[in-house]
$ cat work_14.cif   # mmCIF, C-alpha atoms
data_structure
loop_
_atom_site.label_atom_id
_atom_site.label_comp_id
_atom_site.auth_asym_id
_atom_site.auth_seq_id
_atom_site.Cartn_x
_atom_site.Cartn_y
_atom_site.Cartn_z
CA MET L 1 121.42 112.40 -3.67
CA SER L 2 117.62 112.57 -3.87
CA LYS L 3 115.94 113.17 -7.21
CA MET L 4 114.50 116.61 -7.84
CA PHE L 5 110.86 116.96 -6.77
CA ALA L 6 109.03 116.11 -10.00
CA PRO L 7 106.23 118.75 -9.79
CA ALA L 8 108.93 121.39 -9.18
CA ILE L 9 110.57 120.61 -12.50
CA GLU L 10 107.39 121.59 -14.34
CA VAL L 11 107.20 124.84 -12.35
CA ILE L 12 110.83 125.59 -13.21
CA LYS L 13 110.32 124.93 -16.92
CA SER L 14 107.21 127.09 -17.19
CA SER L 15 108.89 129.87 -15.17
CA ILE L 16 111.91 129.85 -17.47
CA SER L 17 109.65 130.14 -20.51
CA ARG L 18 107.96 133.21 -19.01
CA ALA L 19 111.08 134.91 -17.65
CA PHE L 20 113.70 134.51 -20.39
CA HIS L 21 112.84 135.76 -23.87
CA GLU L 22 116.44 136.02 -25.16
CA PRO L 23 116.80 132.71 -27.06
CA GLU L 24 120.41 131.89 -26.16
CA LEU L 25 119.95 132.77 -22.50
CA LYS L 26 116.79 130.67 -22.35
CA SER L 27 118.64 127.76 -23.93
CA LEU L 28 121.51 128.09 -21.46
CA VAL L 29 119.37 128.07 -18.33
CA GLU L 30 117.38 125.13 -19.69
CA GLN L 31 120.66 123.23 -20.17
CA PHE L 32 121.76 124.10 -16.65
CA VAL L 33 118.47 122.91 -15.16
CA GLU L 34 118.59 119.71 -17.20
CA TYR L 35 122.10 119.01 -15.92
CA LYS L 36 121.04 119.71 -12.35
CA GLN L 37 118.29 117.12 -12.71
CA THR L 38 120.94 114.47 -13.36
CA GLU L 39 122.65 115.38 -10.07
CA GLY L 40 119.44 115.43 -8.04
CA SER L 41 118.67 117.75 -5.14
CA SER L 42 117.75 117.18 -1.53
CA PHE L 43 117.16 120.90 -1.05
CA GLY L 44 113.96 121.14 -3.07
CA GLN L 45 112.73 117.88 -1.59
CA LEU L 46 113.15 119.33 1.90
CA ALA L 47 111.23 122.49 0.94
CA ALA L 48 108.33 120.46 -0.47
CA LEU L 49 108.30 118.12 2.54
CA HIS L 50 108.04 121.00 5.02
CA CYS L 51 105.34 122.70 2.99
CA ARG L 52 103.21 119.55 2.97
CA MET L 53 104.03 118.77 6.59
CA PHE L 54 102.44 122.05 7.67
CA GLY L 55 99.35 121.75 5.48
CA GLY L 56 100.46 122.96 2.06
CA ASP L 57 98.93 121.67 -1.16
CA GLU L 58 100.75 120.37 -4.25
CA GLN L 59 100.93 123.81 -5.88
CA HIS L 60 102.64 125.39 -2.89
CA ALA L 61 104.95 122.42 -2.34
CA ALA L 62 106.02 122.46 -6.00
CA ALA L 63 106.68 126.22 -5.91
CA ALA L 64 108.68 125.94 -2.68
CA ALA L 65 110.83 123.18 -4.16
CA ALA L 66 111.25 125.03 -7.46
CA ALA L 67 112.32 128.26 -5.75
CA VAL L 68 114.85 126.46 -3.58
CA ASP L 69 116.29 124.40 -6.45
CA LEU L 70 116.67 127.54 -8.58
CA MET L 71 118.46 129.28 -5.72
CA ILE L 72 120.78 126.30 -5.18
CA LEU L 73 121.55 126.07 -8.89
CA SER L 74 122.49 129.74 -9.03
CA LEU L 75 124.77 129.35 -6.01
CA ASP L 76 126.36 126.23 -7.52
CA ILE L 77 127.26 128.27 -10.59
CA TYR L 78 128.70 131.10 -8.48
CA ASP L 79 130.68 128.57 -6.43
CA ASP L 80 132.17 126.80 -9.44
CA LEU L 81 133.08 130.09 -11.10
CA GLN L 82 134.85 131.15 -7.91
CA ASP L 83 136.65 127.88 -7.20
CA GLN L 84 137.44 127.02 -10.83
CA ASP L 85 137.87 123.38 -9.80
CA ASN L 86 135.02 121.67 -11.67
CA ASP L 87 135.29 121.61 -15.46
CA THR L 88 132.64 118.89 -15.87
CA VAL L 89 129.62 121.17 -15.37
CA PRO L 90 128.09 122.97 -18.38
CA TRP L 91 128.53 126.45 -16.91
CA SER L 92 132.29 125.91 -16.72
CA LYS L 93 132.43 125.22 -20.46
CA ILE L 94 131.22 128.64 -21.56
CA SER L 95 132.27 132.24 -21.03
CA PRO L 96 132.24 133.05 -17.28
CA ALA L 97 130.41 136.26 -18.08
CA LEU L 98 127.57 134.36 -19.74
CA ALA L 99 127.43 131.79 -16.93
CA LEU L 100 127.35 134.55 -14.34
CA ASN L 101 124.54 136.34 -16.16
CA ALA L 102 122.49 133.14 -16.25
CA ALA L 103 123.10 132.55 -12.53
CA ILE L 104 121.85 136.05 -11.70
CA GLY L 105 118.71 135.36 -13.70
CA LEU L 106 118.14 132.02 -11.96
CA GLN L 107 118.50 133.63 -8.55
CA ALA L 108 115.97 136.33 -9.43
CA LEU L 109 113.62 133.67 -10.83
CA SER L 110 113.67 131.81 -7.50
CA VAL L 111 112.04 134.83 -5.87
CA GLU L 112 109.56 135.32 -8.71
CA VAL L 113 108.33 131.73 -8.36
CA LEU L 114 107.38 132.35 -4.74
CA MET L 115 105.89 135.79 -5.32
CA SER L 116 103.60 134.49 -8.09
CA LEU L 117 101.83 132.07 -5.73
CA PRO L 118 98.16 132.74 -4.88
CA SER L 119 98.99 133.25 -1.19
CA SER L 120 98.89 136.17 1.21
CA ILE L 121 101.67 138.68 0.75
CA ASP L 122 102.82 138.02 4.32
CA ARG L 123 103.28 134.30 3.68
CA LYS L 124 105.14 134.92 0.42
CA ALA L 125 107.33 137.60 1.97
CA ALA L 126 108.25 135.25 4.83
CA ALA L 127 109.27 132.54 2.36
CA VAL L 128 111.34 134.99 0.29
CA ASP L 129 113.01 136.24 3.46
CA ALA L 130 113.91 132.65 4.37
CA LEU L 131 115.42 132.22 0.90
CA ASN L 132 117.46 135.39 1.21
CA GLN L 133 118.66 134.60 4.73
CA GLY L 134 120.01 131.32 3.37
CA ILE L 135 121.88 133.16 0.63
CA LEU L 136 123.32 135.70 3.08
CA GLY L 137 124.51 132.93 5.39
CA ALA L 138 126.03 131.01 2.48
CA VAL L 139 127.83 134.12 1.19
CA ASN L 140 129.46 134.65 4.59
CA GLY L 141 130.53 131.01 4.76
CA GLN L 142 131.74 131.00 1.17
CA HIS L 143 133.88 134.09 1.80
CA ALA L 144 135.58 132.42 4.76
CA ASP L 145 136.07 129.28 2.68
CA LEU L 146 137.58 131.21 -0.23
CA LEU L 147 140.08 132.87 2.10
CA ASN L 148 141.25 129.30 2.93
CA LYS L 149 142.97 130.35 6.15
CA PRO L 150 143.67 128.00 9.09
CA LEU L 151 140.72 128.10 11.50
CA SER L 152 140.05 126.71 14.93
CA GLU L 153 137.56 123.87 15.21
CA GLU L 154 134.92 126.32 16.44
CA GLU L 155 135.62 128.75 13.59
CA SER L 156 135.54 125.95 11.02
CA LEU L 157 132.22 124.65 12.29
CA GLN L 158 130.80 128.18 12.12
CA MET L 159 131.99 128.53 8.53
CA ILE L 160 130.35 125.20 7.64
CA ALA L 161 127.16 126.21 9.46
CA ASP L 162 127.08 129.39 7.38
CA LYS L 163 127.95 127.85 4.04
CA ALA L 164 126.10 124.53 4.15
CA GLY L 165 123.87 124.75 7.22
CA SER L 166 122.25 128.02 6.16
CA LEU L 167 121.16 126.58 2.83
CA VAL L 168 119.58 123.46 4.30
CA ALA L 169 117.88 125.52 7.00
CA ALA L 170 116.58 127.94 4.36
CA SER L 171 115.26 125.08 2.25
CA CYS L 172 113.32 123.73 5.21
CA LEU L 173 112.13 127.18 6.22
CA VAL L 174 110.86 128.25 2.79
CA GLY L 175 108.29 125.45 2.83
CA THR L 176 107.45 126.09 6.47
CA ALA L 177 107.10 129.87 6.10
CA LEU L 178 104.64 129.52 3.23
CA MET L 179 102.26 127.81 5.66
CA THR L 180 102.91 129.00 9.22
CA ASP L 181 104.76 131.39 11.53
CA GLU L 182 105.26 128.61 14.08
CA HIS L 183 108.18 126.24 14.72
CA HIS L 184 110.69 128.35 12.75
CA ASP L 185 113.37 128.20 15.45
CA ILE L 186 113.20 124.41 15.62
CA VAL L 187 113.28 124.08 11.83
CA ILE L 188 116.32 126.36 11.55
CA GLN L 189 118.13 124.45 14.31
CA TYR L 190 117.82 120.99 12.83
CA GLY L 191 118.15 122.29 9.27
CA ARG L 192 121.54 123.81 10.03
CA ALA L 193 122.63 120.65 11.83
CA ILE L 194 121.63 118.49 8.86
CA GLY L 195 123.66 120.75 6.56
CA VAL L 196 126.75 120.65 8.78
CA THR L 197 126.52 116.85 9.04
CA ALA L 198 126.41 116.52 5.26
CA GLN L 199 129.35 118.87 4.75
CA LEU L 200 131.51 117.11 7.34
CA ASN L 201 130.82 113.81 5.59
CA ASN L 202 131.79 115.46 2.30
CA ASP L 203 135.01 116.71 3.87
CA VAL L 204 135.85 113.18 4.98
CA ALA L 205 135.22 111.96 1.43
CA GLY L 206 137.30 114.84 0.08
CA ILE L 207 140.45 113.76 1.88
CA LYS L 208 140.09 110.11 0.87
CA ALA L 209 139.40 110.34 -2.87
CA TRP L 210 142.43 111.19 -4.99
CA SER L 211 140.93 112.89 -7.99
CA THR L 212 140.98 116.32 -9.57
CA ARG L 213 138.71 117.55 -6.75
CA ASN L 214 140.68 116.01 -3.89
CA ASP L 215 140.91 118.47 -0.99
CA LEU L 216 144.63 117.85 -0.46
CA LEU L 217 145.49 118.54 -4.09
CA ALA L 218 143.34 121.68 -3.95
CA ARG L 219 145.14 122.74 -0.73
CA LYS L 220 141.82 123.14 1.09
CA LEU L 221 141.88 123.52 4.87
CA THR L 222 138.95 121.35 5.92
CA LEU L 223 138.84 120.03 9.47
CA PRO L 224 140.15 116.54 8.54
CA VAL L 225 142.97 118.16 6.55
CA GLN L 226 143.91 120.46 9.42
CA PHE L 227 143.96 117.45 11.74
CA LEU L 228 146.38 115.74 9.33
CA LEU L 229 148.60 118.81 9.01
CA GLU L 230 149.03 118.99 12.79
CA GLN L 231 150.47 115.47 13.01
CA LYS L 232 154.19 114.85 13.59
CA SER L 233 155.04 112.33 10.92
CA ASP L 234 156.96 112.14 7.66
CA GLU L 235 153.73 111.88 5.68
CA ALA L 236 152.22 114.96 7.34
CA ALA L 237 155.47 116.84 6.75
CA VAL L 238 155.24 116.13 3.01
CA VAL L 239 151.68 117.43 2.92
CA ARG L 240 152.71 120.56 4.86
CA ARG L 241 155.48 121.21 2.32
CA TYR L 242 152.88 120.98 -0.46
CA TYR L 243 150.56 123.41 1.33
CA ASP L 244 153.52 125.77 1.83
CA ARG L 245 154.14 125.47 -1.95
CA GLU L 246 157.61 124.04 -1.42
CA ILE L 247 156.79 121.04 -3.62
CA THR L 248 154.49 120.50 -6.61
CA ALA L 249 151.42 118.32 -6.96
CA GLU L 250 153.52 115.85 -8.97
CA GLN L 251 156.02 115.61 -6.11
CA LEU L 252 153.19 115.15 -3.60
CA LEU L 253 151.73 112.34 -5.71
CA GLU L 254 155.04 110.49 -5.49
CA HIS L 255 154.07 109.87 -1.85
CA LYS L 256 150.41 109.16 -2.62
CA HIS L 257 150.20 105.60 -1.29
CA ALA L 258 152.11 106.36 1.91
CA ILE L 259 149.97 109.43 2.55
CA MET L 260 146.75 107.53 1.88
CA ASP L 261 147.78 104.78 4.29
CA TYR L 262 148.57 107.42 6.88
CA ILE L 263 145.24 109.20 6.33
CA HIS L 264 143.41 105.96 7.06
CA ASN L 265 145.37 105.39 10.27
CA CYS L 266 146.10 108.79 11.82
CA GLY L 267 142.56 109.52 13.05
CA CYS L 268 141.63 112.41 10.74
CA ILE L 269 138.81 110.41 9.16
CA GLU L 270 137.41 109.34 12.52
CA TYR L 271 137.69 112.94 13.72
CA GLY L 272 135.52 114.22 10.88
CA LEU L 273 133.01 111.41 11.26
CA VAL L 274 132.64 111.95 15.02
CA LEU L 275 131.99 115.67 14.51
CA GLY L 276 129.40 114.77 11.89
CA ARG L 277 127.74 112.27 14.19
CA LEU L 278 127.47 114.87 16.97
CA LYS L 279 125.71 117.23 14.56
CA GLN L 280 123.44 114.40 13.48
CA TYR L 281 122.40 113.86 17.11
CA GLU L 282 121.67 117.59 17.33
CA ALA L 283 119.46 117.36 14.24
CA GLU L 284 117.63 114.34 15.63
CA GLU L 285 116.93 116.17 18.88
CA GLY L 286 115.41 119.08 16.97
CA ILE L 287 113.28 116.86 14.77
CA ALA L 288 111.97 115.08 17.88
CA GLN L 289 110.59 118.41 19.15
CA LEU L 290 108.34 118.94 16.13
CA PRO L 291 104.63 118.60 17.04
CA VAL L 292 103.84 116.49 13.98
CA GLU L 293 103.01 112.87 13.30
CA GLU L 294 105.89 110.41 13.50
CA SER L 295 105.60 109.63 9.79
CA TRP L 296 106.75 113.19 9.01
CA ARG L 297 109.70 112.86 11.39
CA GLU L 298 110.71 109.62 9.70
CA GLN L 299 110.74 111.33 6.31
CA LEU L 300 112.97 114.07 7.73
CA ARG L 301 115.42 111.60 9.24
CA ALA L 302 115.83 110.02 5.81
CA PHE L 303 117.78 113.15 4.76
CA MET L 304 120.53 112.53 7.32
#
$ encode --input "work_14.cif" --output "structure tokens"
Amino acid sequence: MSKMFAPAIEVIKSSISRAFHEPELKSLVEQFVEYKQTEGSSFGQLAALHCRMFGGDEQHAAAAAAAVDLMILSLDIYDDLQDQDNDTVPWSKISPALALNAAIGLQALSVEVLMSLPSSIDRKAAAVDALNQGILGAVNGQHADLLNKPLSEEESLQMIADKAGSLVAASCLVGTALMTDEHHDIVIQYGRAIGVTAQLNNDVAGIKAWSTRNDLLARKLTLPVQFLLEQKSDEAAVVRRYYDREITAEQLLEHKHAIMDYIHNCGCIEYGLVLGRLKQYEAEEGIAQLPVEESWREQLRAFM
């Protein structure tokens, strides 16, 4: 994962100091931001890159990245509170009510960062709209994901495009919209494709790594998992029984090595990777249409 855009960190810190006067709340959001820095963020980097690519200066690029990273952090908190599957993050170690309150504040702050820029109201409004469209898309995708119902390949890809693709597209578009009304359709197209590619690769990783966040143990219905569940084999039958809650996680883990061998040989991994590669080609086609210097395109391709 890319490091957070350094100038954005300073914008975030100064914005927190202005926005949060309640000492404990201020301390909490500062802790959350500090933790997020250790994870890194491609989202803010994409916002800054697009801002500079279309003529923005350092101030606008830093604000674009800061706004996007604040939005992503707030959504990460919402997501972890909903899924309750990640007890390593600081917001999972405190009262959910306090974590939720901080997330609401961070989301509001993402808008304030953009609106405080010395730009025309039209440019700022366009960037805020891009931010909000990303959130709306992600909320739709997250709702479908939380329902965790079997979906067709087309439905699953739409859910991923909403949940992950919308956020990458919004990140790209925030930086773009601050500078220009042009090329938005192209930016949205390849931004969504980049997001879907990344999520499909994550889903492949999620079926291979047996940890507390393994997709099988969590009974998630990602595309690679659904591919596995459709197979006619003893290993797939055991996994189906676990998903139907006929056996426990401990009983599933008794078959761990056999299931892992089967996962690596049944084609579910290749299936997820091929879908991801197709979306990567789609992103590359969109990037190729941008009327910018090749050096900018090369920087964009580095995010795939």
$ closest_residue --input "work_14.cif" --among "L:Thr248, L:Gln45, L:Thr222, L:Ser17" --to "Val204 of chain L" --atoms "all atoms listed in the file"
L:Thr222
$ resolve_selection --input "work_14.cif" --expression "the PyMOL selection byres ((chain L and resi 296-302) around 9)" --output "list in words"
Leu46, Leu49, His50, Met53, Ala283, Glu284, Ile287, Ala288, Leu290, Val292, Glu293, Glu294, Ser295, Phe303 and Met304 of chain L
$ write_last_selection --input "work_14.cif" --atoms "C-alpha atoms" --output "PDB file, in the coordinates of the input"
ATOM      1  CA  LEU L  46     113.150 119.330   1.900  1.00  0.00           C
ATOM      2  CA  LEU L  49     108.300 118.120   2.540  1.00  0.00           C
ATOM      3  CA  HIS L  50     108.040 121.000   5.020  1.00  0.00           C
ATOM      4  CA  MET L  53     104.030 118.770   6.590  1.00  0.00           C
ATOM      5  CA  ALA L 283     119.460 117.360  14.240  1.00  0.00           C
ATOM      6  CA  GLU L 284     117.630 114.340  15.630  1.00  0.00           C
ATOM      7  CA  ILE L 287     113.280 116.860  14.770  1.00  0.00           C
ATOM      8  CA  ALA L 288     111.970 115.080  17.880  1.00  0.00           C
ATOM      9  CA  LEU L 290     108.340 118.940  16.130  1.00  0.00           C
ATOM     10  CA  VAL L 292     103.840 116.490  13.980  1.00  0.00           C
ATOM     11  CA  GLU L 293     103.010 112.870  13.300  1.00  0.00           C
ATOM     12  CA  GLU L 294     105.890 110.410  13.500  1.00  0.00           C
ATOM     13  CA  SER L 295     105.600 109.630   9.790  1.00  0.00           C
ATOM     14  CA  PHE L 303     117.780 113.150   4.760  1.00  0.00           C
ATOM     15  CA  MET L 304     120.530 112.530   7.320  1.00  0.00           C
TER      16      MET L 304
END
$ atom_distance --input "work_14.cif" --atom1 "atom CA of Gln158 of chain L" --atom2 "atom CA of Val139 of chain L"
12.8 Å
$ closest_residue --input "work_14.cif" --among "L:Asp85, L:Ala209, L:Leu109, L:Asp80" --to "Lys13 of chain L" --atoms "all atoms listed in the file"
L:Leu109
$ resolve_selection --input "work_14.cif" --expression "the PyMOL selection byres ((chain L and resi 256-265) around 10)" --output "ChimeraX atom specification"
/L:207-210,224-225,227-228,233-236,238-239,250-255,266-270
$ write_last_selection --input "work_14.cif" --atoms "C-alpha atoms" --output "mmCIF file, in the frame of the given file"
data_model
loop_
_atom_site.group_PDB
_atom_site.id
_atom_site.type_symbol
_atom_site.label_atom_id
_atom_site.label_comp_id
_atom_site.auth_asym_id
_atom_site.auth_seq_id
_atom_site.Cartn_x
_atom_site.Cartn_y
_atom_site.Cartn_z
ATOM 1 C CA ILE L 207 140.450 113.760 1.880
ATOM 2 C CA LYS L 208 140.090 110.110 0.870
ATOM 3 C CA ALA L 209 139.400 110.340 -2.870
ATOM 4 C CA TRP L 210 142.430 111.190 -4.990
ATOM 5 C CA PRO L 224 140.150 116.540 8.540
ATOM 6 C CA VAL L 225 142.970 118.160 6.550
ATOM 7 C CA PHE L 227 143.960 117.450 11.740
ATOM 8 C CA LEU L 228 146.380 115.740 9.330
ATOM 9 C CA SER L 233 155.040 112.330 10.920
ATOM 10 C CA ASP L 234 156.960 112.140 7.660
ATOM 11 C CA GLU L 235 153.730 111.880 5.680
ATOM 12 C CA ALA L 236 152.220 114.960 7.340
ATOM 13 C CA VAL L 238 155.240 116.130 3.010
ATOM 14 C CA VAL L 239 151.680 117.430 2.920
ATOM 15 C CA GLU L 250 153.520 115.850 -8.970
ATOM 16 C CA GLN L 251 156.020 115.610 -6.110
ATOM 17 C CA LEU L 252 153.190 115.150 -3.600
ATOM 18 C CA LEU L 253 151.730 112.340 -5.710
ATOM 19 C CA GLU L 254 155.040 110.490 -5.490
ATOM 20 C CA HIS L 255 154.070 109.870 -1.850
ATOM 21 C CA CYS L 266 146.100 108.790 11.820
ATOM 22 C CA GLY L 267 142.560 109.520 13.050
ATOM 23 C CA CYS L 268 141.630 112.410 10.740
ATOM 24 C CA ILE L 269 138.810 110.410 9.160
ATOM 25 C CA GLU L 270 137.410 109.340 12.520
#
$ resolve_selection --input "work_14.cif" --expression "the PyMOL selection byres ((chain L and resi 110-122) around 7)" --output "PDB file with C-alpha atoms, in the frame of the given file"
ATOM      1  CA  ALA L  63     106.680 126.220  -5.910  1.00  0.00           C
ATOM      2  CA  ALA L  64     108.680 125.940  -2.680  1.00  0.00           C
ATOM      3  CA  ALA L  67     112.320 128.260  -5.750  1.00  0.00           C
ATOM      4  CA  VAL L  68     114.850 126.460  -3.580  1.00  0.00           C
ATOM      5  CA  LEU L  70     116.670 127.540  -8.580  1.00  0.00           C
ATOM      6  CA  MET L  71     118.460 129.280  -5.720  1.00  0.00           C
ATOM      7  CA  LEU L 106     118.140 132.020 -11.960  1.00  0.00           C
ATOM      8  CA  GLN L 107     118.500 133.630  -8.550  1.00  0.00           C
ATOM      9  CA  ALA L 108     115.970 136.330  -9.430  1.00  0.00           C
ATOM     10  CA  LEU L 109     113.620 133.670 -10.830  1.00  0.00           C
ATOM     11  CA  ARG L 123     103.280 134.300   3.680  1.00  0.00           C
ATOM     12  CA  LYS L 124     105.140 134.920   0.420  1.00  0.00           C
ATOM     13  CA  ALA L 125     107.330 137.600   1.970  1.00  0.00           C
ATOM     14  CA  ALA L 126     108.250 135.250   4.830  1.00  0.00           C
ATOM     15  CA  VAL L 128     111.340 134.990   0.290  1.00  0.00           C
TER      16      VAL L 128
END
$ closest_residue --input "work_14.cif" --among "L:Ile72, L:Ala97, L:Leu151, L:Ala249" --to "Ile135 of chain L" --atoms "all atoms listed in the file"
L:Ile72
$ closest_residue --input "work_14.cif" --among "L:Asp69, L:Asp79, L:Asp185, L:Glu10" --to "Gly44 of chain L" --atoms "all atoms listed in the file"
L:Asp69
$ residues_near_point --input "work_14.cif" --point "(103.0, 125.0, -2.1)" --cutoff "10 Å" --atoms "all atoms listed in the file" --output "PDB file with C-alpha atoms, in the frame of the given file"
ATOM      1  CA  ALA L   8     108.930 121.390  -9.180  1.00  0.00           C
ATOM      2  CA  ALA L  47     111.230 122.490   0.940  1.00  0.00           C
ATOM      3  CA  ALA L  48     108.330 120.460  -0.470  1.00  0.00           C
ATOM      4  CA  LEU L  49     108.300 118.120   2.540  1.00  0.00           C
ATOM      5  CA  HIS L  50     108.040 121.000   5.020  1.00  0.00           C
ATOM      6  CA  CYS L  51     105.340 122.700   2.990  1.00  0.00           C
ATOM      7  CA  ARG L  52     103.210 119.550   2.970  1.00  0.00           C
ATOM      8  CA  GLY L  55      99.350 121.750   5.480  1.00  0.00           C
ATOM      9  CA  GLY L  56     100.460 122.960   2.060  1.00  0.00           C
ATOM     10  CA  ASP L  57      98.930 121.670  -1.160  1.00  0.00           C
ATOM     11  CA  GLU L  58     100.750 120.370  -4.250  1.00  0.00           C
ATOM     12  CA  GLN L  59     100.930 123.810  -5.880  1.00  0.00           C
ATOM     13  CA  HIS L  60     102.640 125.390  -2.890  1.00  0.00           C
ATOM     14  CA  ALA L  61     104.950 122.420  -2.340  1.00  0.00           C
ATOM     15  CA  ALA L  62     106.020 122.460  -6.000  1.00  0.00           C
ATOM     16  CA  ALA L  63     106.680 126.220  -5.910  1.00  0.00           C
ATOM     17  CA  ALA L  64     108.680 125.940  -2.680  1.00  0.00           C
ATOM     18  CA  ALA L  65     110.830 123.180  -4.160  1.00  0.00           C
ATOM     19  CA  ALA L  66     111.250 125.030  -7.460  1.00  0.00           C
ATOM     20  CA  LEU L 114     107.380 132.350  -4.740  1.00  0.00           C
ATOM     21  CA  LEU L 117     101.830 132.070  -5.730  1.00  0.00           C
ATOM     22  CA  PRO L 118      98.160 132.740  -4.880  1.00  0.00           C
ATOM     23  CA  SER L 119      98.990 133.250  -1.190  1.00  0.00           C
ATOM     24  CA  VAL L 174     110.860 128.250   2.790  1.00  0.00           C
ATOM     25  CA  GLY L 175     108.290 125.450   2.830  1.00  0.00           C
ATOM     26  CA  THR L 176     107.450 126.090   6.470  1.00  0.00           C
ATOM     27  CA  LEU L 178     104.640 129.520   3.230  1.00  0.00           C
ATOM     28  CA  MET L 179     102.260 127.810   5.660  1.00  0.00           C
TER      29      MET L 179
END
$ residues_around --input "work_14.cif" --residues "Ala193 of chain L" --least-positions-apart "4" --cutoff "12 Å" --atoms "all atoms listed in the file" --output "ChimeraX atom specification"
/L:157-158,160-169,172,186-189,197-200,275-287,301,303-304
$ atom_distance --input "work_14.cif" --atom1 "atom CA of Pro150 of chain L" --atom2 "atom CA of Ser74 of chain L"
27.9 Å
$ atom_distance --input "work_14.cif" --atom1 "atom CA of Asn202 of chain L" --atom2 "atom CA of Gln37 of chain L"
20.3 Å
$ closest_residue --input "work_14.cif" --among "L:Arg18, L:Lys26, L:Lys36, L:Lys149" --to "Ala102 of chain L" --atoms "all atoms listed in the file"
L:Lys26
$ closest_residue --input "work_14.cif" --among "L:Gly134, L:Gly105, L:Gly40, L:Pro96" --to "His21 of chain L" --atoms "only C-alpha atoms"
L:Gly105
$ residues_near_point --input "work_14.cif" --point "(142.5, 126.7, -4.9)" --cutoff "10 Å" --atoms "all atoms listed in the file" --output "list in words"
Gln82, Asp83, Gln84, Asp85, Leu146, Leu147, Asn148, Asp215, Leu217, Ala218, Arg219 and Lys220 of chain L
$ residues_around --input "work_14.cif" --residues "Glu39 of chain L" --least-positions-apart "3" --cutoff "12 Å" --atoms "only C-alpha atoms" --output "PDB file with C-alpha atoms, keeping the file's coordinate frame"
ATOM      1  CA  MET L   1     121.420 112.400  -3.670  1.00  0.00           C
ATOM      2  CA  SER L   2     117.620 112.570  -3.870  1.00  0.00           C
ATOM      3  CA  LYS L   3     115.940 113.170  -7.210  1.00  0.00           C
ATOM      4  CA  MET L   4     114.500 116.610  -7.840  1.00  0.00           C
ATOM      5  CA  PHE L  32     121.760 124.100 -16.650  1.00  0.00           C
ATOM      6  CA  VAL L  33     118.470 122.910 -15.160  1.00  0.00           C
ATOM      7  CA  GLU L  34     118.590 119.710 -17.200  1.00  0.00           C
ATOM      8  CA  TYR L  35     122.100 119.010 -15.920  1.00  0.00           C
ATOM      9  CA  LYS L  36     121.040 119.710 -12.350  1.00  0.00           C
ATOM     10  CA  SER L  42     117.750 117.180  -1.530  1.00  0.00           C
ATOM     11  CA  PHE L  43     117.160 120.900  -1.050  1.00  0.00           C
ATOM     12  CA  ASP L  69     116.290 124.400  -6.450  1.00  0.00           C
ATOM     13  CA  LEU L  73     121.550 126.070  -8.890  1.00  0.00           C
ATOM     14  CA  ASP L  76     126.360 126.230  -7.520  1.00  0.00           C
ATOM     15  CA  VAL L  89     129.620 121.170 -15.370  1.00  0.00           C
TER      16      VAL L  89
END
